[in-house]
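This is entry24.cif. It holds mmCIF, C-alpha atoms and all ligand atoms.
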```
data_protein
loop_
_atom_site.label_atom_id
_atom_site.label_comp_id
_atom_site.auth_asym_id
_atom_site.auth_seq_id
_atom_site.Cartn_x
_atom_site.Cartn_y
_atom_site.Cartn_z
CA MET W 1 13.62 59.13 -10.40
CA SER W 2 10.76 57.28 -8.69
CA THR W 3 9.77 53.79 -9.81
CA LEU W 4 6.43 55.16 -11.00
CA CYS W 5 8.13 57.82 -13.16
CA ARG W 6 10.47 55.21 -14.63
CA MET W 7 7.52 52.95 -15.38
CA ARG W 8 5.63 55.78 -17.04
CA ARG W 9 8.65 56.72 -19.11
CA ASN W 10 9.47 53.23 -20.33
CA MET W 11 5.85 52.11 -20.57
CA SER W 12 7.18 48.70 -19.69
CA PHE W 13 5.06 47.16 -16.98
CA THR W 14 6.02 44.02 -15.17
CA TRP W 15 3.91 42.25 -12.61
CA LYS W 16 6.51 42.98 -9.95
CA SER W 17 6.51 46.71 -10.60
CA LEU W 18 2.72 46.81 -10.67
CA GLN W 19 2.44 44.95 -7.39
CA LYS W 20 4.27 47.79 -5.64
CA PHE W 21 1.25 49.95 -6.35
CA SER W 22 -1.37 47.44 -5.26
CA LEU W 23 -4.20 49.07 -3.39
CA GLU W 24 -3.70 48.14 0.21
CA PRO W 25 -6.46 49.15 2.59
CA THR W 26 -5.61 52.46 4.23
CA ARG W 27 -7.13 53.92 7.37
CA PRO W 28 -9.29 56.96 6.90
CA LEU W 29 -8.52 59.97 9.07
CA THR W 30 -12.15 60.07 10.01
CA THR W 31 -15.05 58.01 8.85
CA THR W 32 -17.81 58.77 11.25
CA ARG W 33 -17.46 62.46 12.04
CA GLN W 34 -18.74 65.05 9.56
CA ILE W 35 -15.84 67.01 8.06
CA ARG W 36 -16.13 70.80 7.86
CA VAL W 37 -14.66 72.46 4.78
CA LEU W 38 -14.81 75.93 3.23
CA ASP W 39 -17.46 76.17 0.49
CA ASN W 40 -15.88 78.61 -1.97
CA ASN W 41 -19.20 79.35 -3.64
CA VAL W 42 -20.70 80.91 -0.55
CA GLY W 43 -17.54 81.61 1.46
CA LYS W 44 -18.89 79.71 4.47
CA MET W 45 -17.88 76.56 6.29
CA THR W 46 -20.01 73.60 5.32
CA SER W 47 -19.95 69.91 6.13
CA ILE W 48 -19.51 66.95 3.79
CA SER W 49 -20.45 63.35 4.41
CA PRO W 50 -17.54 61.09 5.39
CA PRO W 51 -16.23 58.45 2.99
CA PRO W 52 -18.01 55.07 3.32
CA GLU W 53 -16.31 52.90 5.90
CA CYS W 54 -16.87 49.71 3.86
CA LEU W 55 -14.40 50.95 1.23
CA PHE W 56 -11.57 50.88 3.73
CA LYS W 57 -11.93 47.15 4.24
CA PRO W 58 -10.60 44.54 1.79
CA MET W 59 -13.16 43.15 -0.66
CA ASN W 60 -14.88 39.96 0.45
CA PHE W 61 -13.95 37.57 -2.29
CA PRO W 62 -14.79 33.88 -1.95
CA HIS W 63 -13.83 31.48 -4.74
CA LYS W 64 -16.85 29.71 -6.21
CA VAL W 65 -17.39 27.12 -8.93
CA LEU W 66 -20.00 28.73 -11.14
CA MET W 67 -22.15 25.89 -12.49
CA GLY W 68 -25.26 27.94 -13.13
CA PRO W 69 -26.37 29.17 -16.58
CA GLY W 70 -23.68 31.86 -16.50
CA PRO W 71 -21.35 33.44 -15.76
CA SER W 72 -18.84 30.60 -15.92
CA ASN W 73 -15.46 30.79 -14.19
CA CYS W 74 -12.69 32.47 -16.15
CA PRO W 75 -9.40 30.60 -16.72
CA PRO W 76 -6.26 32.26 -15.31
CA ARG W 77 -5.15 33.44 -18.78
CA VAL W 78 -8.42 35.37 -19.17
CA LEU W 79 -8.15 36.88 -15.69
CA GLY W 80 -4.51 37.76 -16.43
CA ALA W 81 -5.51 39.53 -19.64
CA ASN W 82 -8.24 41.38 -17.78
CA ALA W 83 -5.64 42.75 -15.37
CA LEU W 84 -3.25 44.09 -18.02
CA PRO W 85 -2.53 47.83 -18.07
CA LEU W 86 -4.93 49.94 -20.08
CA LEU W 87 -4.28 51.15 -23.60
CA GLY W 88 -6.24 54.03 -25.08
CA HIS W 89 -9.39 52.99 -26.90
CA MET W 90 -8.06 54.48 -30.18
CA HIS W 91 -4.44 53.38 -29.80
CA PRO W 92 -3.21 51.34 -32.77
CA GLU W 93 -2.26 48.43 -30.48
CA PHE W 94 -5.78 48.33 -29.08
CA LEU W 95 -7.36 48.58 -32.53
CA LEU W 96 -5.28 45.54 -33.45
CA ILE W 97 -6.62 43.65 -30.43
CA MET W 98 -10.14 44.58 -31.56
CA ASP W 99 -9.31 43.14 -34.99
CA GLU W 100 -8.20 39.91 -33.35
CA VAL W 101 -11.45 39.77 -31.40
CA LYS W 102 -13.35 40.30 -34.65
CA ALA W 103 -11.47 37.40 -36.27
CA GLY W 104 -12.28 35.22 -33.26
CA ILE W 105 -15.99 36.06 -33.47
CA LYS W 106 -16.03 35.24 -37.18
CA TYR W 107 -14.50 31.89 -36.31
CA ILE W 108 -16.96 30.94 -33.56
CA PHE W 109 -19.92 32.15 -35.66
CA GLN W 110 -18.44 30.58 -38.83
CA THR W 111 -19.12 33.73 -40.80
CA ASN W 112 -17.37 36.09 -43.16
CA ASN W 113 -19.75 38.97 -42.41
CA GLU W 114 -18.08 42.38 -42.59
CA TRP W 115 -20.33 43.74 -39.87
CA THR W 116 -18.96 41.68 -37.01
CA VAL W 117 -18.26 43.51 -33.74
CA CYS W 118 -18.48 43.31 -29.98
CA VAL W 119 -21.13 45.45 -28.35
CA SER W 120 -20.06 47.03 -25.06
CA GLY W 121 -22.40 45.53 -22.52
CA SER W 122 -23.76 42.15 -21.56
CA GLY W 123 -25.99 39.93 -23.75
CA HIS W 124 -28.92 42.34 -23.28
CA ALA W 125 -26.90 45.06 -25.04
CA ALA W 126 -26.45 42.82 -28.08
CA MET W 127 -30.16 41.97 -27.98
CA GLU W 128 -31.05 45.66 -28.01
CA THR W 129 -28.54 46.34 -30.77
CA ALA W 130 -30.28 43.76 -32.96
CA CYS W 131 -33.72 45.07 -32.07
CA LEU W 132 -32.90 48.74 -32.54
CA ASN W 133 -31.05 48.34 -35.84
CA LEU W 134 -33.17 45.73 -37.61
CA LEU W 135 -36.60 47.14 -36.82
CA GLU W 136 -38.29 50.46 -37.43
CA PRO W 137 -41.91 51.63 -37.50
CA GLY W 138 -43.79 49.78 -40.22
CA ASP W 139 -41.94 46.52 -39.56
CA THR W 140 -43.35 43.44 -37.89
CA ALA W 141 -41.29 41.17 -35.67
CA LEU W 142 -42.32 37.57 -35.13
CA VAL W 143 -40.92 36.31 -31.85
CA GLY W 144 -40.65 32.62 -30.99
CA ILE W 145 -41.38 32.28 -27.28
CA ASN W 146 -40.46 29.00 -25.61
CA GLY W 147 -38.96 30.55 -22.53
CA PHE W 148 -37.77 33.70 -20.84
CA TRP W 149 -35.63 35.07 -23.69
CA GLY W 150 -38.34 35.22 -26.33
CA GLU W 151 -40.50 37.08 -23.80
CA ARG W 152 -37.65 39.49 -23.17
CA PHE W 153 -37.08 40.18 -26.86
CA ALA W 154 -40.82 40.72 -27.46
CA ASP W 155 -40.73 43.27 -24.64
CA MET W 156 -37.82 45.09 -26.29
CA VAL W 157 -39.66 45.23 -29.62
CA ASP W 158 -42.84 46.46 -27.97
CA ARG W 159 -40.93 49.24 -26.21
CA GLN W 160 -39.87 50.52 -29.65
CA GLY W 161 -43.53 50.81 -30.58
CA ILE W 162 -43.02 48.19 -33.27
CA ASP W 163 -45.63 45.60 -34.20
CA VAL W 164 -44.81 42.33 -32.45
CA LYS W 165 -46.38 38.95 -33.16
CA THR W 166 -45.62 35.87 -31.13
CA MET W 167 -45.61 32.11 -31.57
CA TYR W 168 -45.48 29.91 -28.49
CA ARG W 169 -44.13 26.55 -27.39
CA PRO W 170 -44.05 25.34 -23.79
CA MET W 171 -40.72 25.72 -22.01
CA GLY W 172 -38.66 22.60 -22.67
CA GLU W 173 -39.87 22.27 -26.27
CA VAL W 174 -38.63 23.68 -29.59
CA PHE W 175 -40.38 24.99 -32.71
CA THR W 176 -40.84 22.70 -35.68
CA PHE W 177 -40.05 23.78 -39.20
CA ASP W 178 -43.77 23.55 -40.10
CA GLU W 179 -44.83 25.72 -37.18
CA ILE W 180 -42.31 28.36 -38.20
CA GLU W 181 -43.50 28.30 -41.81
CA GLU W 182 -47.15 28.58 -40.74
CA ALA W 183 -46.36 31.63 -38.61
CA LEU W 184 -44.30 33.25 -41.36
CA LYS W 185 -47.21 32.84 -43.79
CA LYS W 186 -49.72 34.15 -41.27
CA HIS W 187 -47.89 37.18 -39.89
CA LYS W 188 -45.66 38.18 -42.83
CA PRO W 189 -42.97 39.51 -40.48
CA THR W 190 -39.86 41.42 -41.54
CA LEU W 191 -37.87 39.74 -38.76
CA LEU W 192 -38.07 36.37 -37.01
CA PHE W 193 -36.43 36.01 -33.58
CA LEU W 194 -35.46 32.59 -32.25
CA THR W 195 -33.45 31.59 -29.20
CA HIS W 196 -30.81 29.00 -30.09
CA GLY W 197 -29.89 27.90 -26.55
CA GLU W 198 -32.79 28.71 -24.24
CA SER W 199 -31.18 28.95 -20.83
CA SER W 200 -34.54 29.03 -19.02
CA GLY W 201 -36.09 25.94 -20.65
CA SER W 202 -32.69 24.42 -21.56
CA THR W 203 -33.62 23.66 -25.17
CA LEU W 204 -31.55 23.84 -28.32
CA GLN W 205 -33.56 25.17 -31.28
CA PRO W 206 -32.64 23.48 -34.60
CA LEU W 207 -31.75 26.23 -37.05
CA GLU W 208 -30.65 24.50 -40.20
CA GLY W 209 -32.98 25.48 -43.04
CA VAL W 210 -34.78 28.19 -41.03
CA GLY W 211 -32.78 31.02 -42.64
CA THR W 212 -33.61 29.82 -46.15
CA LEU W 213 -37.25 29.53 -45.13
CA CYS W 214 -37.27 33.08 -43.77
CA HIS W 215 -35.74 34.43 -46.96
CA LYS W 216 -38.44 32.69 -49.00
CA TYR W 217 -40.92 34.86 -47.08
CA ASN W 218 -38.84 38.06 -47.26
CA CYS W 219 -38.00 37.92 -43.60
CA LEU W 220 -34.69 38.24 -41.76
CA LEU W 221 -33.62 35.66 -39.19
CA LEU W 222 -32.24 36.89 -35.86
CA VAL W 223 -30.80 34.32 -33.45
CA ASP W 224 -29.89 34.62 -29.76
CA SER W 225 -27.08 32.18 -29.04
CA VAL W 226 -25.90 33.70 -25.75
CA ALA W 227 -26.20 30.36 -23.94
CA ALA W 228 -25.02 28.02 -26.68
CA CYS W 229 -22.51 29.44 -29.17
CA GLY W 230 -19.09 27.82 -28.92
CA GLY W 231 -20.54 24.79 -27.14
CA VAL W 232 -22.70 23.53 -30.02
CA PRO W 233 -22.41 23.67 -33.81
CA MET W 234 -23.14 27.07 -35.31
CA PHE W 235 -22.78 27.91 -39.01
CA MET W 236 -24.05 31.44 -39.41
CA ASP W 237 -23.35 31.77 -43.14
CA LYS W 238 -24.30 28.24 -44.14
CA TRP W 239 -27.54 28.43 -42.17
CA GLU W 240 -28.32 31.88 -43.62
CA ILE W 241 -28.71 33.55 -40.24
CA ASP W 242 -28.95 37.33 -40.69
CA ALA W 243 -28.08 38.50 -37.23
CA LEU W 244 -26.51 36.51 -34.44
CA TYR W 245 -25.23 37.44 -31.01
CA THR W 246 -23.72 35.71 -28.02
CA GLY W 247 -22.30 36.60 -24.62
CA SER W 248 -18.78 36.62 -23.24
CA GLN W 249 -19.48 35.00 -19.88
CA LYS W 250 -20.76 31.58 -20.90
CA VAL W 251 -18.80 29.29 -23.25
CA LEU W 252 -16.17 31.99 -23.83
CA SER W 253 -15.47 32.01 -20.08
CA SER W 254 -14.60 35.68 -19.93
CA PRO W 255 -16.13 38.45 -17.83
CA PRO W 256 -19.50 39.88 -18.87
CA GLY W 257 -19.48 43.23 -20.63
CA ALA W 258 -18.57 42.61 -24.29
CA SER W 259 -21.03 40.78 -26.53
CA PRO W 260 -20.19 39.48 -30.00
CA ILE W 261 -22.72 40.27 -32.73
CA SER W 262 -22.71 39.87 -36.50
CA PHE W 263 -24.97 41.08 -39.33
CA SER W 264 -25.25 39.39 -42.74
CA ASP W 265 -25.14 41.50 -45.90
CA ARG W 266 -28.95 41.28 -46.01
CA ALA W 267 -29.20 42.58 -42.46
CA LYS W 268 -26.63 45.31 -43.16
CA GLU W 269 -28.64 46.36 -46.23
CA LYS W 270 -31.77 46.58 -44.09
CA VAL W 271 -29.96 48.91 -41.66
CA LYS W 272 -28.52 51.00 -44.50
CA LYS W 273 -31.96 51.41 -46.09
CA ARG W 274 -33.75 52.50 -42.93
CA VAL W 275 -36.13 55.39 -43.36
CA THR W 276 -35.73 56.41 -39.72
CA ARG W 277 -32.50 56.80 -37.77
CA VAL W 278 -31.53 54.06 -35.32
CA ARG W 279 -33.08 55.21 -32.06
CA SER W 280 -29.95 54.71 -30.03
CA PHE W 281 -26.64 56.40 -30.61
CA ASN W 282 -24.87 53.92 -28.37
CA PHE W 283 -26.07 50.85 -30.28
CA ASP W 284 -26.16 52.27 -33.83
CA MET W 285 -24.44 49.64 -35.99
CA ASN W 286 -23.33 52.29 -38.51
CA HIS W 287 -21.13 53.81 -35.80
CA LEU W 288 -20.12 50.53 -34.21
CA ALA W 289 -19.10 49.07 -37.58
CA ASN W 290 -16.87 52.08 -38.16
CA TYR W 291 -15.25 51.94 -34.71
CA TRP W 292 -14.64 48.21 -35.19
CA GLY W 293 -13.00 48.80 -38.57
CA CYS W 294 -15.73 47.08 -40.62
CA ASP W 295 -16.44 49.76 -43.21
CA GLY W 296 -12.99 50.48 -44.66
CA ASP W 297 -13.23 54.06 -43.39
CA VAL W 298 -10.91 55.77 -40.91
CA ARG W 299 -11.89 54.52 -37.46
CA ARG W 300 -13.56 57.21 -35.39
CA TYR W 301 -14.20 57.53 -31.68
CA HIS W 302 -17.70 56.33 -30.84
CA HIS W 303 -17.44 55.49 -27.15
CA THR W 304 -14.71 54.36 -24.78
CA SER W 305 -14.52 50.62 -25.21
CA PRO W 306 -14.44 48.46 -22.05
CA ILE W 307 -10.75 47.93 -22.76
CA SER W 308 -9.97 45.33 -20.09
CA THR W 309 -13.05 43.31 -21.00
CA ILE W 310 -11.94 43.29 -24.63
CA TYR W 311 -8.50 41.98 -23.59
CA ALA W 312 -10.29 39.26 -21.65
CA ILE W 313 -12.67 38.19 -24.42
CA ARG W 314 -9.70 38.13 -26.79
CA GLU W 315 -8.15 35.51 -24.54
CA GLY W 316 -11.45 33.65 -24.18
CA LEU W 317 -11.67 33.48 -27.98
CA ALA W 318 -8.01 32.45 -28.23
CA ARG W 319 -8.61 29.61 -25.77
CA LEU W 320 -11.55 28.36 -27.81
CA ALA W 321 -9.60 28.72 -31.07
CA GLU W 322 -6.74 26.67 -29.61
CA GLN W 323 -9.15 23.99 -28.42
CA GLY W 324 -10.89 24.03 -31.81
CA LEU W 325 -14.64 24.33 -32.31
CA GLU W 326 -15.20 20.65 -33.11
CA GLU W 327 -13.39 19.58 -29.95
CA SER W 328 -15.34 22.12 -27.87
CA TRP W 329 -18.67 20.88 -29.30
CA LYS W 330 -17.60 17.29 -28.56
CA VAL W 331 -16.56 18.00 -24.97
CA HIS W 332 -19.77 19.95 -24.26
CA LYS W 333 -21.85 17.05 -25.60
CA GLN W 334 -19.93 14.48 -23.54
CA CYS W 335 -20.13 16.48 -20.31
CA ALA W 336 -23.84 17.21 -20.85
CA GLU W 337 -24.55 13.51 -21.33
CA LEU W 338 -22.52 12.67 -18.23
CA LEU W 339 -24.50 15.22 -16.24
CA GLN W 340 -27.88 14.15 -17.58
CA GLU W 341 -27.19 10.44 -16.92
CA GLY W 342 -26.01 11.32 -13.40
CA LEU W 343 -29.14 13.37 -12.70
CA GLU W 344 -31.37 10.52 -13.82
CA LYS W 345 -29.38 8.09 -11.64
CA ILE W 346 -30.10 10.32 -8.65
CA GLY W 347 -33.77 9.87 -9.55
CA LEU W 348 -34.40 13.32 -11.01
CA GLU W 349 -36.40 14.13 -14.14
CA LEU W 350 -35.00 16.32 -16.90
CA LEU W 351 -37.26 19.09 -18.17
CA VAL W 352 -36.51 18.44 -21.85
CA LYS W 353 -37.87 15.03 -22.80
CA ASN W 354 -36.55 14.90 -26.35
CA LYS W 355 -32.79 14.22 -26.20
CA SER W 356 -32.09 15.99 -29.50
CA SER W 357 -33.77 19.18 -28.19
CA ARG W 358 -31.46 19.47 -25.16
CA ASN W 359 -29.01 22.34 -24.90
CA PRO W 360 -25.71 20.75 -23.78
CA CYS W 361 -24.64 24.05 -22.20
CA VAL W 362 -27.53 24.36 -19.74
CA THR W 363 -29.63 21.55 -18.27
CA ALA W 364 -32.91 22.15 -16.45
CA VAL W 365 -33.89 19.41 -14.02
CA LYS W 366 -37.19 19.23 -12.16
CA VAL W 367 -37.37 19.88 -8.41
CA PRO W 368 -39.15 16.83 -6.90
CA ASP W 369 -42.45 17.49 -5.12
CA GLY W 370 -42.02 18.59 -1.55
CA VAL W 371 -38.34 19.47 -1.88
CA ASP W 372 -37.23 22.98 -0.94
CA TRP W 373 -35.13 23.87 -4.02
CA LYS W 374 -33.37 26.68 -2.25
CA ALA W 375 -32.23 24.50 0.65
CA VAL W 376 -30.48 22.27 -1.89
CA THR W 377 -28.69 25.10 -3.71
CA GLU W 378 -27.70 26.58 -0.36
CA TYR W 379 -26.26 23.23 0.73
CA ALA W 380 -24.24 23.03 -2.52
CA MET W 381 -22.88 26.52 -2.02
CA LYS W 382 -22.15 26.16 1.68
CA THR W 383 -20.57 22.73 1.46
CA TYR W 384 -18.85 22.76 -1.92
CA ARG W 385 -18.89 26.43 -2.95
CA VAL W 386 -20.59 25.30 -6.11
CA GLU W 387 -23.35 27.30 -7.73
CA ILE W 388 -26.52 25.57 -8.93
CA SER W 389 -29.24 27.95 -10.13
CA GLY W 390 -32.96 27.93 -9.64
CA GLY W 391 -35.50 28.35 -12.44
CA LEU W 392 -36.15 31.50 -14.44
CA GLY W 393 -39.48 32.99 -15.45
CA ALA W 394 -42.38 30.54 -15.25
CA LEU W 395 -40.09 27.81 -13.90
CA VAL W 396 -39.01 29.56 -10.71
CA GLY W 397 -39.16 26.99 -7.91
CA LYS W 398 -39.86 24.19 -10.39
CA VAL W 399 -36.41 23.43 -11.80
CA TRP W 400 -32.74 23.75 -11.06
CA ARG W 401 -30.48 24.85 -13.89
CA ILE W 402 -26.96 23.58 -14.26
CA GLY W 403 -24.53 25.13 -16.71
CA VAL W 404 -21.52 23.20 -17.99
CA MET W 405 -19.75 25.65 -20.23
CA GLY W 406 -16.31 26.61 -21.53
CA TYR W 407 -13.58 26.43 -18.90
CA ASN W 408 -16.02 24.76 -16.49
CA CYS W 409 -16.92 22.04 -18.95
CA THR W 410 -15.00 19.14 -17.38
CA PRO W 411 -16.01 15.69 -16.07
CA ASP W 412 -14.63 16.72 -12.65
CA ASN W 413 -16.98 19.67 -12.43
CA VAL W 414 -19.88 17.46 -13.50
CA SER W 415 -19.03 15.00 -10.68
CA LEU W 416 -18.77 17.87 -8.20
CA VAL W 417 -22.16 19.28 -9.09
CA LEU W 418 -23.79 15.82 -9.00
CA ARG W 419 -22.31 15.10 -5.58
CA ALA W 420 -23.42 18.46 -4.23
CA LEU W 421 -26.94 17.98 -5.59
CA ASP W 422 -27.25 14.40 -4.37
CA GLU W 423 -26.10 15.27 -0.86
CA GLY W 424 -28.22 18.42 -0.83
CA LEU W 425 -31.30 16.38 -1.74
CA LYS W 426 -30.61 13.85 1.02
CA THR W 427 -30.16 16.68 3.50
CA ALA W 428 -33.51 18.08 2.34
CA GLY W 429 -35.08 14.68 3.12
CA TYR W 430 -35.51 13.48 -0.47
CA SER W 431 -35.23 9.81 -1.32
CA LYS W 432 -35.96 8.44 -4.76
CA LEU W 433 -37.51 5.28 -3.24
C1 LIG Z 1 -30.30 32.96 -24.01
C2 LIG Z 1 -29.91 34.23 -23.34
N1 LIG Z 1 -30.09 35.40 -23.97
C3 LIG Z 1 -29.75 36.56 -23.42
C4 LIG Z 1 -29.19 36.62 -22.16
C5 LIG Z 1 -28.85 37.95 -21.55
O1 LIG Z 1 -27.51 38.05 -21.30
P1 LIG Z 1 -26.91 38.99 -20.16
O2 LIG Z 1 -27.40 38.49 -18.84
O3 LIG Z 1 -25.45 38.83 -20.37
O4 LIG Z 1 -27.38 40.37 -20.43
C6 LIG Z 1 -28.98 35.42 -21.44
C7 LIG Z 1 -28.41 35.43 -20.10
O5 LIG Z 1 -28.37 34.47 -19.40
C8 LIG Z 1 -29.35 34.20 -22.06
O6 LIG Z 1 -29.17 33.04 -21.44
#
```
Please re-express this file's structure in structure tokens.
Ligand SMILES: Cc1ncc(COP(=O)(O)O)c(C=O)c1O
Amino acid sequence: MSTLCRMRRNMSFTWKSLQKFSLEPTRPLTTTRQIRVLDNNVGKMTSISPPPECLFKPMNFPHKVLMGPGPSNCPPRVLGANALPLLGHMHPEFLLIMDEVKAGIKYIFQTNNEWTVCVSGSGHAAMETACLNLLEPGDTALVGINGFWGERFADMVDRQGIDVKTMYRPMGEVFTFDEIEEALKKHKPTLLFLTHGESSGSTLQPLEGVGTLCHKYNCLLLVDSVAACGGVPMFMDKWEIDALYTGSQKVLSSPPGASPISFSDRAKEKVKKRVTRVRSFNFDMNHLANYWGCDGDVRRYHHTSPISTIYAIREGLARLAEQGLEESWKVHKQCAELLQEGLEKIGLELLVKNKSSRNPCVTAVKVPDGVDWKAVTEYAMKTYRVEISGGLGALVGKVWRIGVMGYNCTPDNVSLVLRALDEGLKTAGYSKL
């Protein structure tokens, strides 16, 4: 019996046995010549294009330290989980892993919400899930825009043909409680959207009390915490947040492609009482809640889950659970302060003036006049293989953004990024004097 047959029979995979089947580059018989084959439909010889030559070469795979606003590097245990053999998406063992992921999300969100799942897709998929389920014609969404992500959500709402109202703050500033109340009174929205950790303006929106305020005005509160959750305090239930989502590739340090989302009972009720059907089958929370075992019903096939990505986020959540939320919040705060002090020592100016409005996970720092921002990031990448990002939206060319999140949140990584930036600036001819 071949090794492969034995493996299939026993279903017991070991790394050694798997390595035997690693995909080594093979030489194509022909890559440039057209191949002639018999076309059975017409009974004539026809030619097909050759396979692409690039696929016969090994992947180019440099190691990089990802210190932008995401993705962050994954720890070996997450990468190991990602490489485990597939289970079926309805297999009991996999459903159990999904349950563990659900428990992990409840922990990092600090919620007991029944409707807590992972949407298949990156943060945008969770954003659309919230938008598509919580709004229908006749509703009004009030969107807080103090950066790229409010703009993006307003766009999503508008695409649904739903009334969208906006309130603005410059990038680098957050909304005050009074401003929010004024806008709620004025627009009488059914949903308020706020970005918790704005990765473009690097702010952290205070949320305590906002949920209660929204409920006073018969409005649901939706929060985007893709670039903050896990790295800063979050109390979904205590803060009366109705819908909350995050991403897998930031503080959770797992690959993109599975995004945690949770709906409060109020939000669930809103979805259940819709007059119109959710306009997406893929993102319909009624189906997702069933597949994720949130409705007490027999779990039905909805779509094929990104199985490997779910293994990985399970490990990302396990890592954070083992570290403990309080410790993670503490370490993110310490590393952010270390970074921000270091940046100021170099002579750079932080975008967010008010210390208490800074998102510890992502820091935006101004590009000094006359400095070519790209030359500096290129220096950092070429010399240290460290990623520093440029600005997003209105701040393109005006700021650099540095992410210190999850597995990458260490004093050593902060020192590395500061050294790379400092040297890059000197190379670009910048001197603070
Ligand atoms: C605050 C915020 N919201 C949403 C997203 C979208 O997430 P994704 O790129 O995973 O789709 C991002 C991505 O950086 C983000 O920072």
Q: Tell me which protein, DNA and RNA residues are within 9 Å of segment 186-192 of chain W, counting all atoms listed in the file, leaving out same-chain ones fewer than 2 positions away, and put them as JSON, numbers by chain.
A: {"W": [134, 135, 139, 140, 141, 142, 143, 144, 164, 165, 181, 182, 183, 184, 194, 214, 217, 218, 219, 220, 221, 222, 223]}
Please write the residues from the selection above to a file, keeping C-alpha atoms, as a short mmCIF file (atom, residue, chain, number, x, y, z; two decimals), keeping the file's coordinate frame.
```cif
data_model
loop_
_atom_site.label_atom_id
_atom_site.label_comp_id
_atom_site.auth_asym_id
_atom_site.auth_seq_id
_atom_site.Cartn_x
_atom_site.Cartn_y
_atom_site.Cartn_z
CA LEU W 134 -33.17 45.73 -37.61
CA LEU W 135 -36.60 47.14 -36.82
CA ASP W 139 -41.94 46.52 -39.56
CA THR W 140 -43.35 43.44 -37.89
CA ALA W 141 -41.29 41.17 -35.67
CA LEU W 142 -42.32 37.57 -35.13
CA VAL W 143 -40.92 36.31 -31.85
CA GLY W 144 -40.65 32.62 -30.99
CA VAL W 164 -44.81 42.33 -32.45
CA LYS W 165 -46.38 38.95 -33.16
CA GLU W 181 -43.50 28.30 -41.81
CA GLU W 182 -47.15 28.58 -40.74
CA ALA W 183 -46.36 31.63 -38.61
CA LEU W 184 -44.30 33.25 -41.36
CA LEU W 194 -35.46 32.59 -32.25
CA CYS W 214 -37.27 33.08 -43.77
CA TYR W 217 -40.92 34.86 -47.08
CA ASN W 218 -38.84 38.06 -47.26
CA CYS W 219 -38.00 37.92 -43.60
CA LEU W 220 -34.69 38.24 -41.76
CA LEU W 221 -33.62 35.66 -39.19
CA LEU W 222 -32.24 36.89 -35.86
CA VAL W 223 -30.80 34.32 -33.45
#
```
Q: May I ask for the distance between atom CA of Met405 of chain W and atom CA of Tyr430 of chain W, given in Å to one decimal place?
A: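 Computed distance, atom CA of Met405 of chain W to atom CA of Tyr430 of chain W, equals 28.1 Å.
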**Q.** Nearest to ligand LIG 1 (chain Z), chosen from W:Val226, W:Leu244, W:Leu348, W:Val278, with all atoms listed in the file counted in the distances
**A.**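 Of W:Val226, W:Leu244, W:Leu348, W:Val278, the one nearest ligand LIG 1 (chain Z) is W:Val226, counting all atoms listed in the file.
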(Q) My list of candidates is W:Gln323, W:Ser200, W:Gln334, W:Ser262. Which is closest to Ala103 of chain W when distances are computed with only C-alpha atoms? (A) W:Ser262
Please, which residues in chain W fall within 6 Å of ligand LIG 1 (chain Z) when counting all atoms listed in the file, and what is the closest atom pair and distance in Å to one decimal for each, ordered by chain then residue number, as CSV?
```
residue,atom,partner,partner_atom,distance
W:Ser122,CA,Z:LIG1,O3,3.9
W:Gly123,CA,Z:LIG1,O1,3.4
W:His124,CA,Z:LIG1,O4,3.8
W:Trp149,CA,Z:LIG1,N1,5.6
W:Gly197,CA,Z:LIG1,C1,5.7
W:Glu198,CA,Z:LIG1,C1,4.9
W:Ser199,CA,Z:LIG1,O6,4.6
W:Asp224,CA,Z:LIG1,N1,5.8
W:Val226,CA,Z:LIG1,C2,4.7
W:Ala227,CA,Z:LIG1,O6,4.7
W:Gly247,CA,Z:LIG1,O3,5.7
```
Can you check which parts of segment 216-274 of chain W lie within 12 Å of segment 81-85 of chain W? Per residue, the shortest pair of atoms and distance in Å to one decimal, counting all atoms listed in the file, sorted by chain and number, as CSV.
```
residue,atom,partner,partner_atom,distance
W:Ser254,CA,W:Asn82,CA,8.8
W:Pro255,CA,W:Asn82,CA,8.4
W:Pro256,CA,W:Asn82,CA,11.4
W:Gly257,CA,W:Asn82,CA,11.7
```
**Q.** Contact residues around Asp372 of chain W with only C-alpha atoms at 9 Å, ignoring same-chain residues under 4 positions, as an MDAnalysis selection string
**A.** chainID W and resid 367:368 376 397 425 428
Could I get segment 48-52 of chain W rebuilt with N, CA and C atoms, written as an mmCIF file, keeping the file's coordinate frame?
```cif
data_model
loop_
_atom_site.group_PDB
_atom_site.id
_atom_site.type_symbol
_atom_site.label_atom_id
_atom_site.label_comp_id
_atom_site.auth_asym_id
_atom_site.auth_seq_id
_atom_site.Cartn_x
_atom_site.Cartn_y
_atom_site.Cartn_z
ATOM 1 N N ILE W 48 -19.297 67.987 4.803
ATOM 2 C CA ILE W 48 -19.510 66.950 3.790
ATOM 3 C C ILE W 48 -19.620 65.597 4.479
ATOM 4 N N SER W 49 -20.307 64.683 3.829
ATOM 5 C CA SER W 49 -20.450 63.350 4.410
ATOM 6 C C SER W 49 -19.102 62.647 4.389
ATOM 7 N N PRO W 50 -18.824 61.818 5.369
ATOM 8 C CA PRO W 50 -17.540 61.090 5.390
ATOM 9 C C PRO W 50 -17.506 60.004 4.325
ATOM 10 N N PRO W 51 -16.302 59.554 3.958
ATOM 11 C CA PRO W 51 -16.230 58.450 2.990
ATOM 12 C C PRO W 51 -16.820 57.176 3.604
ATOM 13 N N PRO W 52 -17.377 56.288 2.762
ATOM 14 C CA PRO W 52 -18.010 55.070 3.320
ATOM 15 C C PRO W 52 -16.983 54.133 3.938
#
```
